[in-house]
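Colleague: Before anything else, here's the structure in question.
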Amino acid sequence: MSHRSRLGCIVVDCQTRELGEALEFWSGLFGCSGKVDEDGKYAVLKMPDGEPKVLIQAVDHAPRVHLDIETDDRQAEARRLEALGAKRVEAVKSWIVMEAPTGQRFCLVPPQRQDFEENARRFED
């Protein structure tokens, strides 16, 4: 058995209830547009083709940037990364929150970008 994974998204966690100002800054930084969703919790920036997805997210915890690793088998990828020293923090909806041995958190999520099948790396289970 094998599975695939790759960097899927850079997530900018903003400790705010109003994403408008955060979206204005981050879209200005990247020189692109974006739109806050109807719940006011997320805004996806329209990045050029081939670049990772960038998501602005309203959160209650301290602001930070984290990575979403897209994978076609979250459990297998979690086991692979645990063997490298990562630990599982929690399961949230359809993703797994992980922590690197150096303390950074990241999420394992389902494939999100259209070119996943052709560009993700394959790992043996």
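Going through the structure tokens in order, the chains are called A, B, and so on, while each chain numbers its residues from 1 and the ligands are numbered from 1 in the order shown.
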Within 8 Å of A:Leu19, counting only C-alpha atoms, which residues show up once you throw out same-chain ones fewer than 5 positions away? Write them as a list in words, please.

Modeller: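 Result of the neighbour search: Cys14, Val36, Gly40, Lys41, Tyr42, Ala43, Ile56, Gln57 and Ala58 of chain A.
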
Colleague: Write out as number ranges by chain all residues of stretch 11-41 of chain A that backbone DSSP assigns to alpha helix (DSSP H).

Modeller: A: 20-30

Colleague: Please, could you write that set of residues out with N, CA and C atoms as a short mmCIF file (atom, residue, chain, number, x, y, z; two decimals), in the first residue's frame?

Modeller:
```
data_model
loop_
_atom_site.label_atom_id
_atom_site.label_comp_id
_atom_site.auth_asym_id
_atom_site.auth_seq_id
_atom_site.Cartn_x
_atom_site.Cartn_y
_atom_site.Cartn_z
N GLY A 20 -12.15 41.15 7.62
CA GLY A 20 -11.99 42.14 6.56
C GLY A 20 -10.63 42.81 6.56
N GLU A 21 -10.17 43.30 7.71
CA GLU A 21 -8.86 43.96 7.78
C GLU A 21 -7.73 42.98 7.49
N ALA A 22 -7.85 41.76 8.02
CA ALA A 22 -6.82 40.74 7.78
C ALA A 22 -6.76 40.41 6.29
N LEU A 23 -7.91 40.25 5.66
CA LEU A 23 -7.95 39.96 4.23
C LEU A 23 -7.33 41.10 3.44
N GLU A 24 -7.61 42.32 3.82
CA GLU A 24 -7.04 43.48 3.12
C GLU A 24 -5.51 43.44 3.18
N PHE A 25 -4.96 43.16 4.37
CA PHE A 25 -3.50 43.11 4.50
C PHE A 25 -2.90 41.97 3.69
N TRP A 26 -3.39 40.74 3.92
CA TRP A 26 -2.76 39.57 3.30
C TRP A 26 -2.95 39.55 1.79
N SER A 27 -4.10 40.01 1.29
CA SER A 27 -4.27 40.07 -0.17
C SER A 27 -3.35 41.15 -0.75
N GLY A 28 -3.14 42.24 0.00
CA GLY A 28 -2.19 43.26 -0.44
C GLY A 28 -0.78 42.75 -0.46
N LEU A 29 -0.40 41.97 0.56
CA LEU A 29 0.94 41.40 0.62
C LEU A 29 1.22 40.51 -0.59
N PHE A 30 0.26 39.66 -0.95
CA PHE A 30 0.45 38.73 -2.06
C PHE A 30 0.05 39.32 -3.41
#
```

Colleague: Just want the 7 Å neighbourhood of A:Arg6, counted on only C-alpha atoms, with same-chain residues fewer than 5 positions away dropped. Output as a PyMOL selection string.

Modeller: chain A and resi 69-71+120-121

Colleague: What's around stretch 94-97 of chain A at 9 Å? Count only C-alpha atoms, leave out sequence neighbours fewer than 3 positions away in its own chain, and write the answer as a PDB file with N, CA and C atoms, in the first residue's frame.

Modeller:
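The result, stored in out.pdb:
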```pdb
ATOM      1  N   ARG A  74      -5.217  10.216   5.425  1.00  0.00           N
ATOM      2  CA  ARG A  74      -4.793  10.959   6.616  1.00  0.00           C
ATOM      3  C   ARG A  74      -4.241  10.056   7.705  1.00  0.00           C
ATOM      4  N   GLN A  75      -4.826   8.883   7.896  1.00  0.00           N
ATOM      5  CA  GLN A  75      -4.334   7.984   8.949  1.00  0.00           C
ATOM      6  C   GLN A  75      -2.935   7.458   8.621  1.00  0.00           C
ATOM      7  N   ALA A  78      -0.479  10.269   9.088  1.00  0.00           N
ATOM      8  CA  ALA A  78      -0.248  10.514  10.516  1.00  0.00           C
ATOM      9  C   ALA A  78       0.728   9.481  11.085  1.00  0.00           C
ATOM     10  N   LYS A  87       3.444  14.237  16.754  1.00  0.00           N
ATOM     11  CA  LYS A  87       2.396  13.637  17.585  1.00  0.00           C
ATOM     12  C   LYS A  87       1.035  14.177  17.164  1.00  0.00           C
ATOM     13  N   ARG A  88       0.027  13.345  17.356  1.00  0.00           N
ATOM     14  CA  ARG A  88      -1.347  13.762  17.069  1.00  0.00           C
ATOM     15  C   ARG A  88      -1.824  14.627  18.226  1.00  0.00           C
ATOM     16  N   VAL A  89      -2.481  15.728  17.881  1.00  0.00           N
ATOM     17  CA  VAL A  89      -3.022  16.623  18.894  1.00  0.00           C
ATOM     18  C   VAL A  89      -4.521  16.391  19.047  1.00  0.00           C
ATOM     19  N   GLU A  90      -5.241  16.420  17.915  1.00  0.00           N
ATOM     20  CA  GLU A  90      -6.680  16.176  17.954  1.00  0.00           C
ATOM     21  C   GLU A  90      -7.222  15.987  16.542  1.00  0.00           C
ATOM     22  N   ALA A  91      -8.412  15.427  16.486  1.00  0.00           N
ATOM     23  CA  ALA A  91      -9.138  15.318  15.217  1.00  0.00           C
ATOM     24  C   ALA A  91     -10.195  16.418  15.222  1.00  0.00           C
ATOM     25  N   ARG A 105       2.513  23.359  14.853  1.00  0.00           N
ATOM     26  CA  ARG A 105       1.319  22.578  14.522  1.00  0.00           C
ATOM     27  C   ARG A 105       1.023  22.673  13.037  1.00  0.00           C
ATOM     28  N   PHE A 106       0.431  21.608  12.519  1.00  0.00           N
ATOM     29  CA  PHE A 106       0.008  21.549  11.126  1.00  0.00           C
ATOM     30  C   PHE A 106      -1.156  20.590  11.046  1.00  0.00           C
ATOM     31  N   CYS A 107      -1.879  20.627   9.936  1.00  0.00           N
ATOM     32  CA  CYS A 107      -3.062  19.781   9.779  1.00  0.00           C
ATOM     33  C   CYS A 107      -2.903  18.852   8.587  1.00  0.00           C
ATOM     34  N   LEU A 108      -3.435  17.653   8.728  1.00  0.00           N
ATOM     35  CA  LEU A 108      -3.536  16.704   7.620  1.00  0.00           C
ATOM     36  C   LEU A 108      -4.967  16.796   7.114  1.00  0.00           C
ATOM     37  N   VAL A 109      -5.109  17.144   5.843  1.00  0.00           N
ATOM     38  CA  VAL A 109      -6.425  17.409   5.264  1.00  0.00           C
ATOM     39  C   VAL A 109      -6.595  16.603   3.978  1.00  0.00           C
ATOM     40  N   PRO A 110      -7.823  16.419   3.517  1.00  0.00           N
ATOM     41  CA  PRO A 110      -8.034  15.750   2.222  1.00  0.00           C
ATOM     42  C   PRO A 110      -7.455  16.597   1.087  1.00  0.00           C
TER      43      PRO A 110
END
```

Colleague: Write out as a count of residues only the residues lying within 12 Å of A:Thr102, counting only C-alpha atoms and excluding same-chain residues fewer than 6 positions away.

Modeller: 4

Colleague: Select, from A:Ser33, A:Gln112, A:Met98, A:Gln104, the residue with the minimum atom-to-atom distance to A:Cys9, counting only C-alpha atoms.

Modeller: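 So, comparing all the options, the nearest one is A:Gln112.
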
Colleague: Go ahead and compute the interatomic distance for atom CA of A:Val59 and atom CA of A:Glu99, in Å to one decimal.

Modeller: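 Atom-to-atom, atom CA of A:Val59 and atom CA of A:Glu99 are spaced 17.8 Å apart.
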
Colleague: When you count only C-alpha atoms, which of these residues is closest to A:Asp49: A:Glu117, A:Arg64, A:Ser5, A:Cys32?

Modeller: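 Once distances to A:Asp49 are computed over only C-alpha atoms, the minimum belongs to A:Cys32.
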
Colleague: Mind giving me the straight-line distance from atom CA of A:Arg17 to atom CA of A:Gly103 in Å, one decimal?

Modeller: 26.0 Å

Colleague: Within 8 Å of stretch 1-4 of chain A, counting only C-alpha atoms, which residues show up once you throw out same-chain ones fewer than 5 positions away? Write them as a list in words, please.

Modeller: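 The residues satisfying every condition are Thr71, Asp72, Asp73, Ala76, Glu77, Ala120, Arg121, Arg122, Phe123, Glu124 and Asp125 of chain A.
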
Colleague: So which residues of chain A fall under strand (DSSP E or B) by DSSP, listed as a PyMOL selection string?

Modeller: chain A and resi 2-15+34-36+42-45+53-59+64-71+87-92+95-99+105-109+121-124

Colleague: Excluding same-chain residues fewer than 4 positions from A:Val65, what lies within 6 Å of it counting only C-alpha atoms, as a count of residues only?

Modeller: 3
